[in-house]
Structure formats: structure tokens, C-alpha cells
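Trainee: Mind looking over this structure? Questions follow.
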Amino acid sequence: MRERWQHKCRALLMIAILLLTAACRSNSGSGEAYASAVEVKRGAVATVVQMAGQVVAVHSLELDLGSVSGRIVNLAVRTGQEVQAGQELLQLDTTGYQRTLREAEADLKAAEAALQAAQKGSGQGELARAEADLAMAQYGAEHTKMALTLAEESGTGPLKQQVADAAFALRVAQDELRLKEIGEGQAEIRRLEYDQAFRQRVLRDMSPDDPQRAETQKSLAETERALNKARTARGQALEKERDAVQSKQRELARAQEDLDRALQAKDDPAAAARLAYRAAVEALATAQAKVDALKAGGESGAVEAARTAYEAAQAAMQSARASVDAGTLRAPFDGTVVALYVGANDTVASGQKVLFLADFRELRLKAQVTEVDVPRVEVGQTVRVTFDMYPGQIFLGTVLDLPQQVVNQSGIAYYQVVTTLEPGESAIRLGMYGNARILIGERHNVLTIPSASVRYNQMGETYVDVRRKDNGIEQRTVELGMNDGIQVEVLSGLVEGETVMVPLVAATSPYGGGVYMR
């Protein structure tokens, strides 16, 4: 029975579709189906930019307690509560931070006492030491100046002497190597080699059961060990002398290179002496400045060190006090507690977000605009916003900021526009989504037809199907103006009172979305 009823319903549905199709085609000789026939008449057309956006607050912030951490001993607010700037929001247990503060205060007092003692002890003794340092600096400056003068007058002479000295040192090292090669351990090695050969011959001539054979083998092993040791010692001695020769060769090469560069005017022979003189002059100036400062009542080195320690203790005390103060979280501005992320007695880590605070008195709408519409949006334009929560109500705003860069998200490109938002008496909430409209232009008493009736040929030209008086259909090219997506302005091609046909399937505009702007 149930299957029979389903077959009847399907048959009735097919009959209804066939009757509807026949009715749609009854006015068309071309056989195309139309949804309706609409008269060309005068009316108003408006162009708008539509946006969707989300409500945000100008002043909103997720708060944390910075670098401090601890257990919440007082949670002074609840979700939805309004607070004033400076009002306490929550308090941590700061026992540990207070102990650190007391220790820092004690260290500061000790550092202050040490500074006062250093200031009292600074006097003639410090000045005498500074004057002695000045005398040494004066001697150093004079000595290096004389060395510089001698180096400048000697020219390349010292460099040539360095080459000669290096060459002589190399010859001495080479002679030492030859002496080592001739005599180092040679007599001992030859003696041990003779003993080794002798014991080997004696052992070869002995019979296997000779009672002296074991003793002879032992003596041979000791001789061979001594021979290896002597040869190793000779090798190490020769290697040391060879290293010495190579070192002297490098020194000679460097000395020769310095001389060659000086002869070619690439290097200054007096460069080292000049650098030493400059360093001595700087040391003299520093010593003189210290003496002058002490004579003028300046601080000695001990006082400066004590002052540095005092300033460090003062900074540590201020840091400890800041940690104690940071244990109490206060509202940075007037607002409403939107969300609490912690509860009473919870333990909070450093940097952990504890609540979200926002000021609802100044709201903004961050809306997304397409690439096609963004050129028509300007700062200062009026925005009309609607929310699903408040059907029929329109909230006004103004465009505040235009984006300079496109945003690409999930393959969709858009621009983010920021507008003001006047909530009036309504309780607009953060995060609510709204639809915004910007009126770009408006025309009154113009010829209009449905946007759905507009069609496009292969050249991208617009035309409509017009019903003639004999009920035939003709295609007619039209020039269009403003388009609000529902009605479109007709500039030419139609006259008032004619009838245009609206197809069942709307045409796709080559300009995107079926909207054509003149």
C-alpha cells in the first residue's frame, strides 16, 4: 500500500512540472522557459557595498601578571563586572617576593654604608698614588717617544739587522741538527747492536737443552729493549732539532718579508713604535685626568667601586619592590570583565593570561570587503549595520580606516575595513557578526528592470528578451547604469511600458556576480 502511494505522488509531481513548463513556454515562440514577464517602469535604484564584519572594542586586553607567579589569595571581580582604571582585580600570595624585598633593602643599607666609608677614607693617599701613576705614565711616554724617533731615523736598518740575526740563528740551528745526527746516541746504539748480534749468535750455537739458554734469551730481550729505547730517544732528539730549524726558517721568512715590504714602501718600519707611543700618550692622559679629578674633589677608584655597588643594590631593591607590586593586578582602563580564565586559590604562572577586559563604550566593526568593492569605499562614508540579534534595527557608523594590503585566507582574498559603531541603547556584544551596507549612489525616477532579466552575449554585451505585441520574443541590446543587485537602471534600448522576460536561470555576468557598473 505504501509503495503504491509513493508511485502516485511521483506521478502527480511529474504532471505538475510538465504543466508549469508548458505554461512558461506558452508566451515564447523560441521554446525557452521564463520565470516571469515584467513591465519596464520608472523607479529608484541604489548602489551599495555590502560587508560582513565582527564587533571589537577599541580598548580590550588580555591581562597577565608579567614575570611574577603564585597562588591567588583574592579574586576581587567576576565575569560581567564593570571596573574602574586602577581598581584591584586580583591579588597573589607575595610572601616570597616580600622576603626578597627585605633582603634587597638590607643589602642597599650595607652598600650605602660602604659608600659613605669609602668617601670618608678617600684623601691624600689616593692622590699620592694617582700622582705616582702619572709619573710612571710620563716616563713611559718619553721612553716610547725616543724609541719612535730612533725607529724613524733608522729606517730599514733594524729590519735588515733582524734578517741577519734570523739567518745566523737558522745556521746555528742547522749546525746543531748536524751535530745531533752525527753523535746523538750513536755510540750507545752501536754498542747495543753489537751486544744483540753477539747474544743472537751465542743463542744460535747453543743446543736446545743447554741450561744457559734461558738466561741468554733473557739477556737478549733486555738488550733489544734498551736498543729500541736508545733509537726512540735519538729520533725524538733529532725531531726536536728539526722543529727548531723549521721555526728559525719561518722567523727568517717573516723578517725577510717585513724588510721587502718596507723596501717597497708597503709597510712603515716605525709602525710598532708609533703604536706603542700612542698607547703611552693615552695612558698619560688618563693618569693626568685622574689626578686633576682628585685635586678638584672628584671620586677615587674605591669610591667609584662603592658607588657602583650601591647603584646595583638600589636597582635590585627596585626590582624586588616591582615584583611585590606586580602581585596585585589592577585595571589599566575603565571597562568590563568579559572573561575570567582563573579562579580563587588557583596557581598562576608567569605570563599566564588571567582575564579579558574590554571597554564597551567605544566599539568598532572590522568588516571584510571584496577586491571588486574596495575601490568604492572611502574614509568618512556612513555605514548602516544590522545584527540578527536585533532584527529591524539599524546601527550607524563611519568608515575610519582603509586597508593597504590584501588578506588571503583559505584561498579567498579580501580587505579589512574598520568602522565606528554606535550601539545606542542596545547591548552590542563583542564578537557579534553584523552585516554592513555603504550607500555609494542613488537614482530616482529612472527606467528600471529586474537584474535577473539581463543577459550577455559572447562579446560581453548586455541584452534582454522583449515580448512584442504579437507575443513573439525579440533580443534587444540595452545600455545599463546603476545596479543594486535587484533592480538595474536602463539608459537606452527600452521604453516605459514594454515587457521584458525573466529567464528561469539567471545569466552570469562577465564582470562578476551579475553586477554591471557603468
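All residue names refer to the C-alpha cells as shown: chains lettered A, B, ... in order, residues numbered from 1 in each chain, ligands numbered from 1 in order.
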What's around stretch 349-365 of chain A at 7 Å? Count only C-alpha atoms, leave out sequence neighbours fewer than 3 positions away in its own chain, and write the answer as a PyMOL selection string.

Mentor: chain A and resi 53-70+334-342+418-421

Trainee: Could you turn the residues from that selection into a file that holds C-alpha atoms, as an mmCIF file, in the first residue's frame?

Mentor:
```
data_model
loop_
_atom_site.group_PDB
_atom_site.id
_atom_site.type_symbol
_atom_site.label_atom_id
_atom_site.label_comp_id
_atom_site.auth_asym_id
_atom_site.auth_seq_id
_atom_site.Cartn_x
_atom_site.Cartn_y
_atom_site.Cartn_z
ATOM 1 C CA GLY A 53 32.204 42.015 9.980
ATOM 2 C CA GLN A 54 32.754 41.371 13.662
ATOM 3 C CA VAL A 55 32.392 43.697 16.638
ATOM 4 C CA VAL A 56 35.580 44.576 18.524
ATOM 5 C CA ALA A 57 36.410 47.071 21.256
ATOM 6 C CA VAL A 58 38.880 49.926 20.849
ATOM 7 C CA HIS A 59 40.226 49.199 24.319
ATOM 8 C CA SER A 60 40.418 45.466 25.028
ATOM 9 C CA LEU A 61 43.203 43.444 26.545
ATOM 10 C CA GLU A 62 44.012 40.014 27.922
ATOM 11 C CA LEU A 63 45.781 40.722 31.214
ATOM 12 C CA ASP A 64 48.598 38.818 32.913
ATOM 13 C CA LEU A 65 50.886 39.457 35.871
ATOM 14 C CA GLY A 66 54.106 39.704 33.892
ATOM 15 C CA SER A 67 57.082 37.842 35.313
ATOM 16 C CA VAL A 68 55.571 37.081 38.744
ATOM 17 C CA SER A 69 53.755 33.884 39.671
ATOM 18 C CA GLY A 70 51.971 32.447 42.674
ATOM 19 C CA ASP A 334 37.702 51.539 32.648
ATOM 20 C CA GLY A 335 35.898 48.519 31.286
ATOM 21 C CA THR A 336 34.018 45.277 31.817
ATOM 22 C CA VAL A 337 35.438 41.894 32.771
ATOM 23 C CA VAL A 338 34.469 39.861 29.722
ATOM 24 C CA ALA A 339 36.072 36.567 30.764
ATOM 25 C CA LEU A 340 37.935 35.095 33.737
ATOM 26 C CA TYR A 341 40.474 32.379 32.986
ATOM 27 C CA VAL A 342 41.321 31.572 36.625
ATOM 28 C CA VAL A 418 37.385 49.395 10.217
ATOM 29 C CA THR A 419 34.269 51.445 11.033
ATOM 30 C CA THR A 420 32.827 53.100 14.121
ATOM 31 C CA LEU A 421 29.700 51.629 15.677
#
```

Trainee: With only C-alpha atoms as the counted atoms, please give the residues lying no more than 6 Å from A:Ala280, apart from itself and same-chain residues fewer than 3 positions off, as a PyMOL selection string.

Mentor: chain A and resi 140-141+277+283

Trainee: Selection from above, N, CA and C atoms, as a PDB file, in the first residue's frame, can you write it?

Mentor:
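Wrote out27.pdb, looks like this:
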```
ATOM      1  N   GLY A 140     106.847  56.492  30.630  1.00  0.00           N
ATOM      2  CA  GLY A 140     106.523  55.619  29.506  1.00  0.00           C
ATOM      3  C   GLY A 140     106.343  56.399  28.217  1.00  0.00           C
ATOM      4  N   ALA A 141     105.715  57.567  28.293  1.00  0.00           N
ATOM      5  CA  ALA A 141     105.515  58.371  27.087  1.00  0.00           C
ATOM      6  C   ALA A 141     106.846  58.866  26.536  1.00  0.00           C
ATOM      7  N   TYR A 277     103.846  54.345  21.178  1.00  0.00           N
ATOM      8  CA  TYR A 277     103.863  55.741  21.639  1.00  0.00           C
ATOM      9  C   TYR A 277     102.443  56.271  21.831  1.00  0.00           C
ATOM     10  N   ALA A 283      97.637  56.584  27.960  1.00  0.00           N
ATOM     11  CA  ALA A 283      97.774  56.252  29.383  1.00  0.00           C
ATOM     12  C   ALA A 283      98.162  57.484  30.188  1.00  0.00           C
TER      13      ALA A 283
END
```

Trainee: Write out as a ChimeraX atom specification the set of residues from stretch 184-422 of chain A that DSSP, computed on the backbone, places in strand (DSSP E).

Mentor: /A:328-330,335-340,347-348,353-358,363-369,382-387,390-401,407-409,412-421

Trainee: Just the selected residues (C-alpha atoms), exported as an mmCIF file, in the first residue's frame, please.

Mentor:
```
data_model
loop_
_atom_site.group_PDB
_atom_site.id
_atom_site.type_symbol
_atom_site.label_atom_id
_atom_site.label_comp_id
_atom_site.auth_asym_id
_atom_site.auth_seq_id
_atom_site.Cartn_x
_atom_site.Cartn_y
_atom_site.Cartn_z
ATOM 1 C CA THR A 328 48.370 42.911 42.654
ATOM 2 C CA LEU A 329 46.686 43.118 39.236
ATOM 3 C CA ARG A 330 44.827 46.396 38.616
ATOM 4 C CA GLY A 335 35.898 48.519 31.286
ATOM 5 C CA THR A 336 34.018 45.277 31.817
ATOM 6 C CA VAL A 337 35.438 41.894 32.771
ATOM 7 C CA VAL A 338 34.469 39.861 29.722
ATOM 8 C CA ALA A 339 36.072 36.567 30.764
ATOM 9 C CA LEU A 340 37.935 35.095 33.737
ATOM 10 C CA THR A 347 48.210 28.997 40.918
ATOM 11 C CA VAL A 348 49.202 31.426 38.166
ATOM 12 C CA LYS A 353 46.587 35.218 30.883
ATOM 13 C CA VAL A 354 44.136 35.593 33.767
ATOM 14 C CA LEU A 355 41.237 37.692 32.412
ATOM 15 C CA PHE A 356 39.933 39.614 29.416
ATOM 16 C CA LEU A 357 38.968 43.269 29.952
ATOM 17 C CA ALA A 358 37.141 45.425 27.393
ATOM 18 C CA LEU A 363 33.167 49.807 19.667
ATOM 19 C CA ARG A 364 34.395 49.112 16.171
ATOM 20 C CA LEU A 365 33.294 46.849 13.341
ATOM 21 C CA LYS A 366 36.042 45.059 11.442
ATOM 22 C CA ALA A 367 34.430 44.167 8.129
ATOM 23 C CA GLN A 368 35.657 42.263 5.091
ATOM 24 C CA VAL A 369 35.366 43.878 1.651
ATOM 25 C CA THR A 382 28.270 56.337 6.519
ATOM 26 C CA VAL A 383 27.762 52.660 7.331
ATOM 27 C CA ARG A 384 24.435 51.037 8.220
ATOM 28 C CA VAL A 385 24.855 47.868 10.292
ATOM 29 C CA THR A 386 22.292 45.191 11.148
ATOM 30 C CA PHE A 387 22.521 42.251 13.556
ATOM 31 C CA TYR A 390 18.200 42.914 16.724
ATOM 32 C CA PRO A 391 16.017 42.373 13.646
ATOM 33 C CA GLY A 392 14.694 45.555 12.109
ATOM 34 C CA GLN A 393 17.194 47.828 13.906
ATOM 35 C CA ILE A 394 19.852 49.754 12.019
ATOM 36 C CA PHE A 395 23.038 50.884 13.763
ATOM 37 C CA LEU A 396 25.077 53.706 12.245
ATOM 38 C CA GLY A 397 28.820 54.007 11.880
ATOM 39 C CA THR A 398 31.546 55.704 9.835
ATOM 40 C CA VAL A 399 34.445 54.264 7.856
ATOM 41 C CA LEU A 400 37.619 55.013 9.853
ATOM 42 C CA ASP A 401 40.406 53.170 8.128
ATOM 43 C CA VAL A 407 44.448 39.449 3.153
ATOM 44 C CA ASN A 408 44.453 35.918 1.743
ATOM 45 C CA GLN A 409 42.718 33.288 3.839
ATOM 46 C CA ILE A 412 39.878 33.945 -0.522
ATOM 47 C CA ALA A 413 41.239 37.483 -0.946
ATOM 48 C CA TYR A 414 39.640 40.372 0.928
ATOM 49 C CA TYR A 415 40.392 43.732 2.555
ATOM 50 C CA GLN A 416 39.592 44.551 6.190
ATOM 51 C CA VAL A 417 37.795 47.876 6.751
ATOM 52 C CA VAL A 418 37.385 49.395 10.217
ATOM 53 C CA THR A 419 34.269 51.445 11.033
ATOM 54 C CA THR A 420 32.827 53.100 14.121
ATOM 55 C CA LEU A 421 29.700 51.629 15.677
#
```

Trainee: Skipping near chain neighbours, those fewer than 4 positions away, what residues fall within 7 Å of A:Gln196 using only C-alpha atoms, listed as a list in words?

Mentor: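 Close residues of A:Gln196: Leu192, Gln200, Leu220, Thr223 and Glu224 of chain A.
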
Trainee: Those residues with N, CA and C atoms, as a PDB file, in the first residue's frame please?

Mentor:
```pdb
ATOM      1  N   LEU A 192     124.832  -1.483  21.696  1.00  0.00           N
ATOM      2  CA  LEU A 192     123.688  -2.365  21.898  1.00  0.00           C
ATOM      3  C   LEU A 192     123.462  -3.270  20.688  1.00  0.00           C
ATOM      4  N   GLN A 200     122.613 -13.157  19.941  1.00  0.00           N
ATOM      5  CA  GLN A 200     121.880 -13.941  18.938  1.00  0.00           C
ATOM      6  C   GLN A 200     122.758 -15.096  18.424  1.00  0.00           C
ATOM      7  N   LEU A 220     119.166 -11.268  25.907  1.00  0.00           N
ATOM      8  CA  LEU A 220     118.895 -10.777  24.550  1.00  0.00           C
ATOM      9  C   LEU A 220     117.665  -9.861  24.544  1.00  0.00           C
ATOM     10  N   THR A 223     118.555  -6.509  26.038  1.00  0.00           N
ATOM     11  CA  THR A 223     119.367  -5.735  25.091  1.00  0.00           C
ATOM     12  C   THR A 223     118.497  -5.128  23.995  1.00  0.00           C
ATOM     13  N   GLU A 224     117.556  -5.898  23.468  1.00  0.00           N
ATOM     14  CA  GLU A 224     116.676  -5.389  22.405  1.00  0.00           C
ATOM     15  C   GLU A 224     115.810  -4.238  22.921  1.00  0.00           C
TER      16      GLU A 224
END
```

Trainee: Grab the atom CA of A:Glu131 to atom CA of A:Ala117 distance for me, in Å with one decimal place.

Mentor: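 Separation between atom CA of A:Glu131 and atom CA of A:Ala117: 22.9 Å.
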
Trainee: Hey, what's within 10 Å of A:Phe168 if we count only C-alpha atoms and toss same-chain stuff fewer than 6 positions away? As a list of chain:residue names, please?

Mentor: A:Gln162, A:Gln174, A:Lys248, A:Leu252

Trainee: Please produce a file of the residues just selected, as an mmCIF file, in the first residue's frame, where the atoms kept are N, CA and C atoms.

Mentor:
```cif
data_model
loop_
_atom_site.group_PDB
_atom_site.id
_atom_site.type_symbol
_atom_site.label_atom_id
_atom_site.label_comp_id
_atom_site.auth_asym_id
_atom_site.auth_seq_id
_atom_site.Cartn_x
_atom_site.Cartn_y
_atom_site.Cartn_z
ATOM 1 N N GLN A 162 117.365 42.458 11.727
ATOM 2 C CA GLN A 162 116.518 41.315 12.088
ATOM 3 C C GLN A 162 116.700 40.170 11.096
ATOM 4 N N GLN A 174 120.812 24.737 12.273
ATOM 5 C CA GLN A 174 121.183 23.700 11.304
ATOM 6 C C GLN A 174 122.451 22.970 11.760
ATOM 7 N N LYS A 248 113.193 28.477 12.964
ATOM 8 C CA LYS A 248 114.115 29.540 12.565
ATOM 9 C C LYS A 248 113.926 29.914 11.097
ATOM 10 N N LEU A 252 113.051 33.657 9.811
ATOM 11 C CA LEU A 252 113.809 34.320 8.760
ATOM 12 C C LEU A 252 112.900 34.782 7.627
#
```

Trainee: May I have the residues within 10 Å of stretch 284-287 of chain A as a ChimeraX atom specification, using only C-alpha atoms and disregarding those fewer than 3 positions away in the same chain?

Mentor: /A:130-141,278-281,290-293

Trainee: Set the distance at 8 Å and use only C-alpha atoms: which residues neighbour stretch 231-245 of chain A once local chain neighbours fewer than 3 positions away are removed? I'd like the list as a list of chain:residue names.

Mentor: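 Close residues of stretch 231-245 of chain A: A:Leu170, A:Ala173, A:Gln174, A:Glu176, A:Leu177, A:Lys180, A:Glu181, A:Glu184, A:Gly185, A:Ile189, A:Leu227, A:Asn228, A:Lys248, A:Gln249.
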
Trainee: Take atom CA of A:Ala322 and atom CA of A:Ala111 and report the distance between them in Å, one decimal.

Mentor: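 These two atoms are separated by 20.1 Å.
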